[in-house]
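Printed here is structure.cif (mmCIF, N, CA and C atoms):
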data_coords
loop_
_atom_site.label_atom_id
_atom_site.label_comp_id
_atom_site.auth_asym_id
_atom_site.auth_seq_id
_atom_site.Cartn_x
_atom_site.Cartn_y
_atom_site.Cartn_z
N MET A 1239 -11.55 -6.68 -12.15
CA MET A 1239 -12.89 -6.32 -11.75
C MET A 1239 -12.82 -5.08 -10.87
N THR A 1240 -13.64 -4.10 -11.16
CA THR A 1240 -13.71 -2.88 -10.36
C THR A 1240 -15.13 -2.69 -9.89
N THR A 1241 -15.28 -2.43 -8.58
CA THR A 1241 -16.58 -2.08 -8.03
C THR A 1241 -16.45 -0.66 -7.51
N SER A 1242 -17.49 -0.18 -6.85
CA SER A 1242 -17.44 1.20 -6.37
C SER A 1242 -16.42 1.39 -5.25
N ASP A 1243 -16.02 0.31 -4.57
CA ASP A 1243 -15.06 0.47 -3.48
C ASP A 1243 -13.89 -0.49 -3.53
N SER A 1244 -13.74 -1.25 -4.63
CA SER A 1244 -12.60 -2.16 -4.71
C SER A 1244 -12.17 -2.42 -6.15
N VAL A 1245 -10.92 -2.82 -6.28
CA VAL A 1245 -10.34 -3.20 -7.56
C VAL A 1245 -9.67 -4.55 -7.36
N GLN A 1246 -9.90 -5.46 -8.27
CA GLN A 1246 -9.25 -6.77 -8.19
C GLN A 1246 -8.76 -7.14 -9.58
N GLN A 1247 -7.52 -7.61 -9.65
CA GLN A 1247 -6.94 -7.97 -10.94
C GLN A 1247 -6.11 -9.24 -10.77
N ASP A 1248 -6.43 -10.26 -11.57
CA ASP A 1248 -5.63 -11.49 -11.61
C ASP A 1248 -4.56 -11.32 -12.67
N MET A 1249 -3.36 -11.84 -12.36
CA MET A 1249 -2.25 -11.75 -13.30
C MET A 1249 -1.49 -13.07 -13.30
N PHE A 1250 -1.06 -13.51 -14.48
CA PHE A 1250 -0.13 -14.62 -14.53
C PHE A 1250 1.22 -14.08 -14.09
N THR A 1251 1.88 -14.81 -13.23
CA THR A 1251 3.13 -14.38 -12.62
C THR A 1251 4.13 -15.52 -12.70
N VAL A 1252 5.37 -15.19 -13.02
CA VAL A 1252 6.41 -16.20 -13.07
C VAL A 1252 7.00 -16.37 -11.68
N LEU A 1253 7.02 -17.59 -11.20
CA LEU A 1253 7.70 -17.92 -9.95
C LEU A 1253 9.10 -18.34 -10.32
N HIS A 1254 10.09 -17.59 -9.88
CA HIS A 1254 11.48 -17.81 -10.28
C HIS A 1254 11.85 -19.30 -10.20
N GLY A 1255 12.34 -19.80 -11.31
CA GLY A 1255 12.80 -21.19 -11.35
C GLY A 1255 11.73 -22.19 -11.71
N GLN A 1256 10.51 -21.76 -11.93
CA GLN A 1256 9.41 -22.67 -12.26
C GLN A 1256 9.02 -22.49 -13.72
N PRO A 1257 8.74 -23.59 -14.43
CA PRO A 1257 8.43 -23.48 -15.86
C PRO A 1257 7.05 -22.89 -16.16
N ALA A 1258 6.08 -23.12 -15.28
CA ALA A 1258 4.72 -22.66 -15.53
C ALA A 1258 4.40 -21.46 -14.64
N PRO A 1259 3.66 -20.50 -15.17
CA PRO A 1259 3.29 -19.34 -14.34
C PRO A 1259 2.28 -19.72 -13.27
N VAL A 1260 2.22 -18.90 -12.24
CA VAL A 1260 1.21 -19.03 -11.21
C VAL A 1260 0.26 -17.85 -11.34
N VAL A 1261 -0.89 -17.96 -10.75
CA VAL A 1261 -1.85 -16.86 -10.78
C VAL A 1261 -1.72 -16.06 -9.48
N THR A 1262 -1.61 -14.75 -9.64
CA THR A 1262 -1.66 -13.87 -8.47
C THR A 1262 -2.91 -13.02 -8.58
N ARG A 1263 -3.45 -12.67 -7.46
CA ARG A 1263 -4.63 -11.81 -7.40
C ARG A 1263 -4.27 -10.59 -6.57
N TRP A 1264 -4.41 -9.43 -7.18
CA TRP A 1264 -4.12 -8.16 -6.52
C TRP A 1264 -5.45 -7.50 -6.20
N THR A 1265 -5.65 -7.10 -4.94
CA THR A 1265 -6.91 -6.51 -4.51
C THR A 1265 -6.64 -5.23 -3.74
N TYR A 1266 -7.42 -4.21 -4.07
CA TYR A 1266 -7.36 -2.94 -3.36
C TYR A 1266 -8.78 -2.56 -2.98
N THR A 1267 -8.97 -2.16 -1.73
CA THR A 1267 -10.29 -1.70 -1.30
C THR A 1267 -10.17 -0.31 -0.67
N ALA A 1268 -11.14 0.52 -0.95
CA ALA A 1268 -11.14 1.88 -0.43
C ALA A 1268 -11.27 1.90 1.09
N THR A 1269 -11.82 0.85 1.68
CA THR A 1269 -11.96 0.81 3.13
C THR A 1269 -10.63 0.57 3.84
N ASP A 1270 -9.63 0.10 3.13
CA ASP A 1270 -8.27 -0.06 3.66
C ASP A 1270 -7.32 0.59 2.67
N PRO A 1271 -7.34 1.93 2.60
CA PRO A 1271 -6.71 2.64 1.49
C PRO A 1271 -5.18 2.60 1.44
N PHE A 1272 -4.55 2.20 2.51
CA PHE A 1272 -3.09 2.16 2.53
C PHE A 1272 -2.52 0.82 2.08
N ALA A 1273 -3.37 -0.18 1.87
CA ALA A 1273 -2.89 -1.55 1.65
C ALA A 1273 -3.39 -2.16 0.36
N VAL A 1274 -2.61 -3.11 -0.12
CA VAL A 1274 -2.96 -3.95 -1.26
C VAL A 1274 -2.80 -5.39 -0.78
N THR A 1275 -3.73 -6.25 -1.16
CA THR A 1275 -3.59 -7.67 -0.86
C THR A 1275 -3.03 -8.37 -2.09
N LEU A 1276 -1.91 -9.04 -1.90
CA LEU A 1276 -1.30 -9.86 -2.94
C LEU A 1276 -1.54 -11.31 -2.56
N ALA A 1277 -2.29 -12.03 -3.39
CA ALA A 1277 -2.59 -13.44 -3.13
C ALA A 1277 -1.98 -14.28 -4.24
N VAL A 1278 -1.39 -15.40 -3.85
CA VAL A 1278 -0.79 -16.33 -4.81
C VAL A 1278 -1.55 -17.65 -4.71
N ARG A 1279 -2.01 -18.14 -5.87
CA ARG A 1279 -2.74 -19.41 -5.88
C ARG A 1279 -1.74 -20.56 -5.87
N THR A 1280 -1.95 -21.49 -4.96
CA THR A 1280 -1.07 -22.65 -4.85
C THR A 1280 -1.57 -23.78 -5.73
N ARG A 1281 -0.78 -24.82 -5.82
CA ARG A 1281 -1.18 -25.98 -6.62
C ARG A 1281 -2.42 -26.66 -6.06
N GLN A 1282 -2.64 -26.52 -4.77
CA GLN A 1282 -3.83 -27.12 -4.14
C GLN A 1282 -5.05 -26.21 -4.26
N ASP A 1283 -4.95 -25.19 -5.12
CA ASP A 1283 -6.02 -24.24 -5.37
C ASP A 1283 -6.40 -23.45 -4.12
N ARG A 1284 -5.42 -23.26 -3.23
CA ARG A 1284 -5.58 -22.37 -2.07
C ARG A 1284 -4.93 -21.04 -2.42
N TRP A 1285 -5.30 -20.00 -1.70
CA TRP A 1285 -4.68 -18.69 -1.89
C TRP A 1285 -3.86 -18.36 -0.65
N VAL A 1286 -2.62 -17.97 -0.85
CA VAL A 1286 -1.76 -17.49 0.22
C VAL A 1286 -1.67 -15.99 0.04
N GLU A 1287 -1.99 -15.24 1.11
CA GLU A 1287 -2.10 -13.80 0.99
C GLU A 1287 -1.05 -13.05 1.79
N TRP A 1288 -0.62 -11.91 1.23
CA TRP A 1288 0.25 -10.96 1.90
C TRP A 1288 -0.41 -9.60 1.81
N LEU A 1289 -0.34 -8.85 2.88
CA LEU A 1289 -0.81 -7.48 2.89
C LEU A 1289 0.40 -6.59 2.65
N VAL A 1290 0.33 -5.75 1.61
CA VAL A 1290 1.46 -4.95 1.17
C VAL A 1290 1.03 -3.49 1.16
N ALA A 1291 1.91 -2.61 1.58
CA ALA A 1291 1.62 -1.17 1.52
C ALA A 1291 1.46 -0.75 0.06
N ARG A 1292 0.40 0.00 -0.21
CA ARG A 1292 0.20 0.47 -1.59
C ARG A 1292 1.37 1.34 -2.03
N ASP A 1293 1.92 2.14 -1.13
CA ASP A 1293 3.09 2.96 -1.47
C ASP A 1293 4.25 2.11 -1.98
N LEU A 1294 4.44 0.94 -1.40
CA LEU A 1294 5.52 0.05 -1.83
C LEU A 1294 5.31 -0.38 -3.28
N VAL A 1295 4.09 -0.73 -3.62
CA VAL A 1295 3.77 -1.16 -5.00
C VAL A 1295 4.00 0.01 -5.96
N VAL A 1296 3.56 1.20 -5.58
CA VAL A 1296 3.73 2.38 -6.42
C VAL A 1296 5.22 2.66 -6.64
N GLU A 1297 6.00 2.65 -5.56
CA GLU A 1297 7.44 2.92 -5.66
C GLU A 1297 8.14 1.89 -6.53
N ALA A 1298 7.71 0.64 -6.46
CA ALA A 1298 8.36 -0.44 -7.21
C ALA A 1298 8.20 -0.31 -8.72
N LEU A 1299 7.24 0.48 -9.16
CA LEU A 1299 7.08 0.69 -10.60
C LEU A 1299 8.24 1.47 -11.19
N SER A 1300 8.93 2.26 -10.36
CA SER A 1300 10.01 3.10 -10.89
C SER A 1300 11.38 2.81 -10.27
N GLY A 1301 11.44 2.04 -9.19
CA GLY A 1301 12.73 1.75 -8.58
C GLY A 1301 12.59 0.75 -7.44
N PRO A 1302 13.72 0.30 -6.90
CA PRO A 1302 13.67 -0.66 -5.79
C PRO A 1302 12.90 -0.09 -4.61
N ALA A 1303 12.12 -0.94 -3.97
CA ALA A 1303 11.31 -0.51 -2.84
C ALA A 1303 11.18 -1.65 -1.84
N GLY A 1304 11.00 -1.29 -0.60
CA GLY A 1304 10.73 -2.28 0.43
C GLY A 1304 11.97 -2.73 1.16
N TYR A 1305 11.71 -3.34 2.28
CA TYR A 1305 12.75 -3.94 3.11
C TYR A 1305 12.05 -4.98 3.96
N GLY A 1306 12.81 -5.83 4.60
CA GLY A 1306 12.19 -6.85 5.42
C GLY A 1306 11.64 -7.98 4.58
N ASP A 1307 10.39 -8.35 4.84
CA ASP A 1307 9.80 -9.55 4.24
C ASP A 1307 9.40 -9.40 2.78
N ILE A 1308 9.12 -8.17 2.34
CA ILE A 1308 8.70 -7.97 0.94
C ILE A 1308 9.51 -6.85 0.33
N ARG A 1309 10.15 -7.20 -0.79
CA ARG A 1309 10.94 -6.21 -1.55
C ARG A 1309 10.52 -6.31 -3.01
N MET A 1310 10.48 -5.17 -3.67
CA MET A 1310 10.08 -5.14 -5.08
C MET A 1310 11.02 -4.23 -5.86
N SER A 1311 11.23 -4.58 -7.12
CA SER A 1311 12.04 -3.70 -7.96
C SER A 1311 11.75 -3.98 -9.43
N PRO A 1312 11.78 -2.92 -10.25
CA PRO A 1312 11.60 -3.12 -11.69
C PRO A 1312 12.85 -3.80 -12.26
N GLN A 1313 12.65 -4.71 -13.19
CA GLN A 1313 13.75 -5.45 -13.80
C GLN A 1313 13.44 -5.68 -15.28
N LEU A 1314 14.48 -5.90 -16.04
CA LEU A 1314 14.34 -6.35 -17.41
C LEU A 1314 14.83 -7.79 -17.42
N VAL A 1315 13.92 -8.75 -17.59
CA VAL A 1315 14.26 -10.17 -17.53
C VAL A 1315 13.97 -10.80 -18.88
N GLN A 1316 15.01 -11.23 -19.54
CA GLN A 1316 14.90 -11.86 -20.86
C GLN A 1316 14.03 -11.03 -21.81
N GLY A 1317 14.23 -9.72 -21.77
CA GLY A 1317 13.51 -8.82 -22.65
C GLY A 1317 12.13 -8.40 -22.16
N TYR A 1318 11.70 -8.90 -21.02
CA TYR A 1318 10.38 -8.55 -20.47
C TYR A 1318 10.55 -7.51 -19.36
N ASP A 1319 9.69 -6.49 -19.38
CA ASP A 1319 9.68 -5.43 -18.38
C ASP A 1319 8.80 -5.90 -17.23
N VAL A 1320 9.41 -6.26 -16.10
CA VAL A 1320 8.68 -6.85 -14.99
C VAL A 1320 8.99 -6.10 -13.70
N VAL A 1321 8.19 -6.38 -12.70
CA VAL A 1321 8.52 -6.00 -11.33
C VAL A 1321 8.81 -7.32 -10.61
N GLU A 1322 10.00 -7.39 -10.06
CA GLU A 1322 10.39 -8.58 -9.31
C GLU A 1322 9.96 -8.39 -7.86
N ILE A 1323 9.31 -9.40 -7.32
CA ILE A 1323 8.79 -9.34 -5.95
C ILE A 1323 9.46 -10.46 -5.16
N GLU A 1324 10.20 -10.08 -4.15
CA GLU A 1324 10.85 -11.07 -3.29
C GLU A 1324 10.09 -11.12 -1.97
N ILE A 1325 9.63 -12.30 -1.63
CA ILE A 1325 8.87 -12.50 -0.39
C ILE A 1325 9.67 -13.46 0.49
N ARG A 1326 9.90 -13.05 1.72
CA ARG A 1326 10.65 -13.88 2.66
C ARG A 1326 9.79 -14.22 3.87
N SER A 1327 10.02 -15.41 4.39
CA SER A 1327 9.37 -15.81 5.63
C SER A 1327 10.32 -16.76 6.35
N THR A 1328 9.91 -17.22 7.51
CA THR A 1328 10.74 -18.18 8.24
C THR A 1328 10.83 -19.51 7.49
N ASP A 1329 9.88 -19.75 6.58
CA ASP A 1329 9.87 -20.99 5.79
C ASP A 1329 10.75 -20.92 4.54
N GLY A 1330 11.26 -19.73 4.21
CA GLY A 1330 12.09 -19.60 3.01
C GLY A 1330 11.78 -18.32 2.28
N ARG A 1331 12.04 -18.34 0.97
CA ARG A 1331 11.79 -17.15 0.17
C ARG A 1331 11.30 -17.56 -1.21
N ALA A 1332 10.58 -16.63 -1.82
CA ALA A 1332 10.09 -16.84 -3.19
C ALA A 1332 10.32 -15.55 -3.96
N VAL A 1333 10.60 -15.69 -5.24
CA VAL A 1333 10.76 -14.53 -6.11
C VAL A 1333 9.75 -14.65 -7.24
N LEU A 1334 8.91 -13.64 -7.36
CA LEU A 1334 7.88 -13.59 -8.38
C LEU A 1334 8.22 -12.49 -9.37
N GLU A 1335 7.80 -12.67 -10.61
CA GLU A 1335 7.98 -11.63 -11.63
C GLU A 1335 6.62 -11.37 -12.26
N VAL A 1336 6.17 -10.10 -12.16
CA VAL A 1336 4.87 -9.72 -12.71
C VAL A 1336 5.10 -8.63 -13.75
N ASP A 1337 4.31 -8.65 -14.80
CA ASP A 1337 4.42 -7.67 -15.88
C ASP A 1337 4.22 -6.27 -15.31
N ARG A 1338 5.17 -5.37 -15.58
CA ARG A 1338 5.12 -4.03 -15.00
C ARG A 1338 3.93 -3.23 -15.51
N ASP A 1339 3.56 -3.37 -16.78
CA ASP A 1339 2.41 -2.63 -17.31
C ASP A 1339 1.11 -3.08 -16.65
N LEU A 1340 0.96 -4.38 -16.40
CA LEU A 1340 -0.24 -4.87 -15.72
C LEU A 1340 -0.31 -4.33 -14.30
N LEU A 1341 0.83 -4.31 -13.62
CA LEU A 1341 0.85 -3.79 -12.26
C LEU A 1341 0.57 -2.29 -12.25
N ARG A 1342 1.10 -1.58 -13.23
CA ARG A 1342 0.83 -0.13 -13.34
C ARG A 1342 -0.68 0.10 -13.56
N HIS A 1343 -1.29 -0.70 -14.40
CA HIS A 1343 -2.73 -0.59 -14.65
C HIS A 1343 -3.51 -0.80 -13.34
N PHE A 1344 -3.10 -1.79 -12.54
CA PHE A 1344 -3.75 -2.05 -11.26
C PHE A 1344 -3.63 -0.83 -10.34
N VAL A 1345 -2.42 -0.25 -10.26
CA VAL A 1345 -2.21 0.92 -9.42
C VAL A 1345 -3.06 2.09 -9.89
N GLU A 1346 -3.12 2.30 -11.20
CA GLU A 1346 -3.94 3.39 -11.74
C GLU A 1346 -5.41 3.16 -11.42
N SER A 1347 -5.87 1.93 -11.47
CA SER A 1347 -7.26 1.63 -11.13
C SER A 1347 -7.53 1.90 -9.66
N SER A 1348 -6.56 1.58 -8.80
CA SER A 1348 -6.73 1.85 -7.37
C SER A 1348 -6.78 3.36 -7.11
N ALA A 1349 -6.00 4.10 -7.89
CA ALA A 1349 -5.96 5.57 -7.72
C ALA A 1349 -7.27 6.22 -8.17
N GLU A 1350 -8.04 5.54 -9.01
CA GLU A 1350 -9.35 6.07 -9.38
C GLU A 1350 -10.31 5.99 -8.20
N LEU A 1351 -10.11 5.00 -7.32
CA LEU A 1351 -10.96 4.87 -6.11
C LEU A 1351 -10.52 5.85 -5.03
N VAL A 1352 -9.22 5.83 -4.74
CA VAL A 1352 -8.63 6.72 -3.74
C VAL A 1352 -7.35 7.27 -4.36
N PRO A 1353 -7.34 8.55 -4.71
CA PRO A 1353 -6.13 9.11 -5.32
C PRO A 1353 -4.91 8.93 -4.43
N LEU A 1354 -3.76 8.71 -5.07
CA LEU A 1354 -2.51 8.56 -4.32
C LEU A 1354 -2.27 9.80 -3.49
N GLY A 1355 -1.91 9.60 -2.23
CA GLY A 1355 -1.67 10.72 -1.33
C GLY A 1355 -2.90 11.17 -0.57
N GLU A 1356 -4.08 10.66 -0.93
CA GLU A 1356 -5.31 11.08 -0.26
C GLU A 1356 -5.89 9.97 0.62
N GLU A 1357 -5.09 8.97 0.95
CA GLU A 1357 -5.56 7.85 1.77
C GLU A 1357 -6.06 8.32 3.14
N SER A 1358 -5.37 9.29 3.72
CA SER A 1358 -5.76 9.79 5.05
C SER A 1358 -7.11 10.48 5.05
N ASP A 1359 -7.55 10.94 3.88
CA ASP A 1359 -8.87 11.55 3.78
C ASP A 1359 -9.98 10.50 3.92
N VAL A 1360 -9.62 9.25 3.61
CA VAL A 1360 -10.59 8.16 3.64
C VAL A 1360 -10.54 7.43 4.98
N LEU A 1361 -9.34 7.29 5.53
CA LEU A 1361 -9.16 6.54 6.78
C LEU A 1361 -8.33 7.38 7.74
N ASP A 1362 -8.93 7.77 8.83
CA ASP A 1362 -8.24 8.57 9.85
C ASP A 1362 -7.49 7.61 10.77
N LEU A 1363 -6.19 7.43 10.51
CA LEU A 1363 -5.40 6.48 11.29
C LEU A 1363 -5.32 6.86 12.76
N ASP A 1364 -5.25 8.14 13.06
CA ASP A 1364 -5.21 8.56 14.46
C ASP A 1364 -6.48 8.11 15.19
N ARG A 1365 -7.61 8.22 14.54
CA ARG A 1365 -8.88 7.78 15.14
C ARG A 1365 -8.90 6.26 15.32
N VAL A 1366 -8.40 5.52 14.34
CA VAL A 1366 -8.35 4.06 14.45
C VAL A 1366 -7.46 3.65 15.62
N ILE A 1367 -6.31 4.29 15.76
CA ILE A 1367 -5.40 3.98 16.87
C ILE A 1367 -6.06 4.31 18.20
N GLU A 1368 -6.76 5.42 18.23
CA GLU A 1368 -7.47 5.81 19.46
C GLU A 1368 -8.52 4.76 19.82
N GLN A 1369 -9.27 4.28 18.84
CA GLN A 1369 -10.29 3.26 19.10
C GLN A 1369 -9.65 1.97 19.62
N ILE A 1370 -8.54 1.57 19.03
CA ILE A 1370 -7.87 0.35 19.45
C ILE A 1370 -7.34 0.51 20.88
N THR A 1371 -6.74 1.65 21.15
CA THR A 1371 -6.20 1.93 22.48
C THR A 1371 -7.30 1.92 23.53
N GLN A 1372 -8.43 2.54 23.23
CA GLN A 1372 -9.55 2.56 24.18
C GLN A 1372 -10.10 1.17 24.42
N SER A 1373 -10.13 0.34 23.39
CA SER A 1373 -10.67 -1.01 23.57
C SER A 1373 -9.73 -1.88 24.41
N CYS A 1374 -8.45 -1.55 24.45
CA CYS A 1374 -7.49 -2.30 25.23
C CYS A 1374 -7.48 -1.87 26.70
N GLU A 1375 -7.98 -0.67 26.97
CA GLU A 1375 -7.98 -0.18 28.35
C GLU A 1375 -9.05 -0.84 29.21
N GLY A 1376 -10.05 -1.40 28.53
CA GLY A 1376 -11.15 -2.13 29.08
C GLY A 1376 -11.51 -1.93 30.44
#

Could I get this structure in the form of structure tokens?
Amino acid sequence: MTTSDSVQQDMFTVLHGQPAPVVTRWTYTATDPFAVTLAVRTRQDRWVEWLVARDLVVEALSGPAGYGDIRMSPQLVQGYDVVEIEIRSTDGRAVLEVDRDLLRHFVESSAELVPLGEESDVLDLDRVIEQITQSCEG
């Protein structure tokens, strides 16, 4: 689904070691141009969300990207062209595999809203930091 300021795409995703796919929801909004929300639907029909840098998703389409809690890399798994997403937390880790063409389509749709490299034209980070700093000085 694409609106004038957001893109949302649901994808079936393989959770490493599980026989049935899970649903992930990828969301991009022009009001937060540097980030993508990755949500995973649980068996209890809840959504668990991670905020991911859009640059990380873009980089993962062509090579390994990320460090820390979220890492992504393109892989060929049993003949399927996927992006492997490793998510770590204090509770453990999960490895997801999403179709690379679907993820590329999502990135291209987000770039129609805010072209890659032009995020700062939409959101002035220096101004946001200044506002936060001033609110803390109280």

TODO: Mind giving me the straight-line distance from CA of Ser1311 (chain A) to CA of Asp1283 (chain A) in Å, one decimal?
DONE: 27.5 Å

- [ ] For CA of Asp1243 (chain A) and CA of Leu1276 (chain A), quote the distance in Å rounded to one decimal.
- [x] 17.2 Å

- [ ] May I ask for the distance between atom C of His1343 (chain A) and atom N of Val1315 (chain A), given in Å to one decimal place?
- [x] 19.6 Å

- [ ] Could you give me, as a PyMOL selection string, the residues within 7 Å of Met1310 (chain A), counting all atoms listed in the file and dropping anything in the same chain fewer than 5 positions from it?
- [x] chain A and resi 1294+1297-1299+1301-1305+1321-1324

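Compared by their closest atoms to Gln1246 (chain A), and using only C-alpha atoms, the residues A:Val1261, A:Val1274, A:Val1320, A:Ile1325 rank with A:Val1274 nearest.
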
Place all heavy atoms on region 1329-1338 of chain A and deliver the coordinates as a PDB file, in the frame of the given file.
ATOM      1  N   ASP A1329       9.880 -19.750   6.580  1.00  0.00           N
ATOM      2  CA  ASP A1329       9.870 -20.990   5.790  1.00  0.00           C
ATOM      3  C   ASP A1329      10.750 -20.920   4.540  1.00  0.00           C
ATOM      4  O   ASP A1329      10.939 -21.907   3.863  1.00  0.00           O
ATOM      5  CB  ASP A1329       8.445 -21.341   5.366  1.00  0.00           C
ATOM      6  CG  ASP A1329       7.549 -21.635   6.550  1.00  0.00           C
ATOM      7  OD1 ASP A1329       8.063 -22.118   7.575  1.00  0.00           O
ATOM      8  OD2 ASP A1329       6.344 -21.358   6.456  1.00  0.00           O
ATOM      9  N   GLY A1330      11.260 -19.730   4.210  1.00  0.00           N
ATOM     10  CA  GLY A1330      12.090 -19.600   3.010  1.00  0.00           C
ATOM     11  C   GLY A1330      11.780 -18.320   2.280  1.00  0.00           C
ATOM     12  O   GLY A1330      11.312 -17.346   2.858  1.00  0.00           O
ATOM     13  N   ARG A1331      12.040 -18.340   0.970  1.00  0.00           N
ATOM     14  CA  ARG A1331      11.790 -17.150   0.170  1.00  0.00           C
ATOM     15  C   ARG A1331      11.300 -17.560  -1.210  1.00  0.00           C
ATOM     16  O   ARG A1331      11.563 -18.669  -1.676  1.00  0.00           O
ATOM     17  CB  ARG A1331      13.040 -16.277   0.071  1.00  0.00           C
ATOM     18  CG  ARG A1331      14.106 -16.748  -0.863  1.00  0.00           C
ATOM     19  CD  ARG A1331      15.364 -15.880  -0.785  1.00  0.00           C
ATOM     20  NE  ARG A1331      15.484 -14.852  -1.766  1.00  0.00           N
ATOM     21  CZ  ARG A1331      15.913 -15.039  -3.008  1.00  0.00           C
ATOM     22  NH1 ARG A1331      16.224 -16.229  -3.444  1.00  0.00           N
ATOM     23  NH2 ARG A1331      16.030 -14.018  -3.835  1.00  0.00           N
ATOM     24  N   ALA A1332      10.580 -16.630  -1.820  1.00  0.00           N
ATOM     25  CA  ALA A1332      10.090 -16.840  -3.190  1.00  0.00           C
ATOM     26  C   ALA A1332      10.320 -15.550  -3.960  1.00  0.00           C
ATOM     27  O   ALA A1332      10.248 -14.451  -3.393  1.00  0.00           O
ATOM     28  CB  ALA A1332       8.605 -17.191  -3.188  1.00  0.00           C
ATOM     29  N   VAL A1333      10.600 -15.690  -5.240  1.00  0.00           N
ATOM     30  CA  VAL A1333      10.760 -14.530  -6.110  1.00  0.00           C
ATOM     31  C   VAL A1333       9.750 -14.650  -7.240  1.00  0.00           C
ATOM     32  O   VAL A1333       9.722 -15.656  -7.949  1.00  0.00           O
ATOM     33  CB  VAL A1333      12.193 -14.439  -6.671  1.00  0.00           C
ATOM     34  CG1 VAL A1333      12.313 -13.247  -7.614  1.00  0.00           C
ATOM     35  CG2 VAL A1333      13.217 -14.329  -5.537  1.00  0.00           C
ATOM     36  N   LEU A1334       8.910 -13.640  -7.360  1.00  0.00           N
ATOM     37  CA  LEU A1334       7.880 -13.590  -8.380  1.00  0.00           C
ATOM     38  C   LEU A1334       8.220 -12.490  -9.370  1.00  0.00           C
ATOM     39  O   LEU A1334       8.838 -11.482  -9.003  1.00  0.00           O
ATOM     40  CB  LEU A1334       6.522 -13.277  -7.755  1.00  0.00           C
ATOM     41  CG  LEU A1334       6.054 -14.164  -6.624  1.00  0.00           C
ATOM     42  CD1 LEU A1334       4.859 -13.535  -5.926  1.00  0.00           C
ATOM     43  CD2 LEU A1334       5.692 -15.532  -7.148  1.00  0.00           C
ATOM     44  N   GLU A1335       7.800 -12.670 -10.610  1.00  0.00           N
ATOM     45  CA  GLU A1335       7.980 -11.630 -11.630  1.00  0.00           C
ATOM     46  C   GLU A1335       6.620 -11.370 -12.260  1.00  0.00           C
ATOM     47  O   GLU A1335       5.987 -12.276 -12.788  1.00  0.00           O
ATOM     48  CB  GLU A1335       8.974 -12.099 -12.688  1.00  0.00           C
ATOM     49  CG  GLU A1335      10.367 -12.325 -12.134  1.00  0.00           C
ATOM     50  CD  GLU A1335      11.266 -13.104 -13.083  1.00  0.00           C
ATOM     51  OE1 GLU A1335      10.793 -13.519 -14.169  1.00  0.00           O
ATOM     52  OE2 GLU A1335      12.432 -13.323 -12.721  1.00  0.00           O
ATOM     53  N   VAL A1336       6.170 -10.100 -12.160  1.00  0.00           N
ATOM     54  CA  VAL A1336       4.870  -9.720 -12.710  1.00  0.00           C
ATOM     55  C   VAL A1336       5.100  -8.630 -13.750  1.00  0.00           C
ATOM     56  O   VAL A1336       5.991  -7.791 -13.601  1.00  0.00           O
ATOM     57  CB  VAL A1336       3.906  -9.265 -11.587  1.00  0.00           C
ATOM     58  CG1 VAL A1336       4.393  -8.025 -10.902  1.00  0.00           C
ATOM     59  CG2 VAL A1336       2.501  -9.071 -12.103  1.00  0.00           C
ATOM     60  N   ASP A1337       4.310  -8.650 -14.800  1.00  0.00           N
ATOM     61  CA  ASP A1337       4.420  -7.670 -15.880  1.00  0.00           C
ATOM     62  C   ASP A1337       4.220  -6.270 -15.310  1.00  0.00           C
ATOM     63  O   ASP A1337       3.225  -5.992 -14.640  1.00  0.00           O
ATOM     64  CB  ASP A1337       3.371  -7.994 -16.951  1.00  0.00           C
ATOM     65  CG  ASP A1337       3.446  -7.044 -18.121  1.00  0.00           C
ATOM     66  OD1 ASP A1337       2.820  -5.956 -18.042  1.00  0.00           O
ATOM     67  OD2 ASP A1337       4.121  -7.381 -19.112  1.00  0.00           O
ATOM     68  N   ARG A1338       5.170  -5.370 -15.580  1.00  0.00           N
ATOM     69  CA  ARG A1338       5.120  -4.030 -15.000  1.00  0.00           C
ATOM     70  C   ARG A1338       3.930  -3.230 -15.510  1.00  0.00           C
ATOM     71  O   ARG A1338       3.301  -2.482 -14.751  1.00  0.00           O
ATOM     72  CB  ARG A1338       6.414  -3.261 -15.267  1.00  0.00           C
ATOM     73  CG  ARG A1338       6.395  -1.962 -14.507  1.00  0.00           C
ATOM     74  CD  ARG A1338       7.680  -1.242 -14.252  1.00  0.00           C
ATOM     75  NE  ARG A1338       8.769  -1.372 -15.151  1.00  0.00           N
ATOM     76  CZ  ARG A1338       9.783  -0.514 -15.194  1.00  0.00           C
ATOM     77  NH1 ARG A1338       9.803   0.531 -14.392  1.00  0.00           N
ATOM     78  NH2 ARG A1338      10.774  -0.692 -16.027  1.00  0.00           N
TER      79      ARG A1338
END
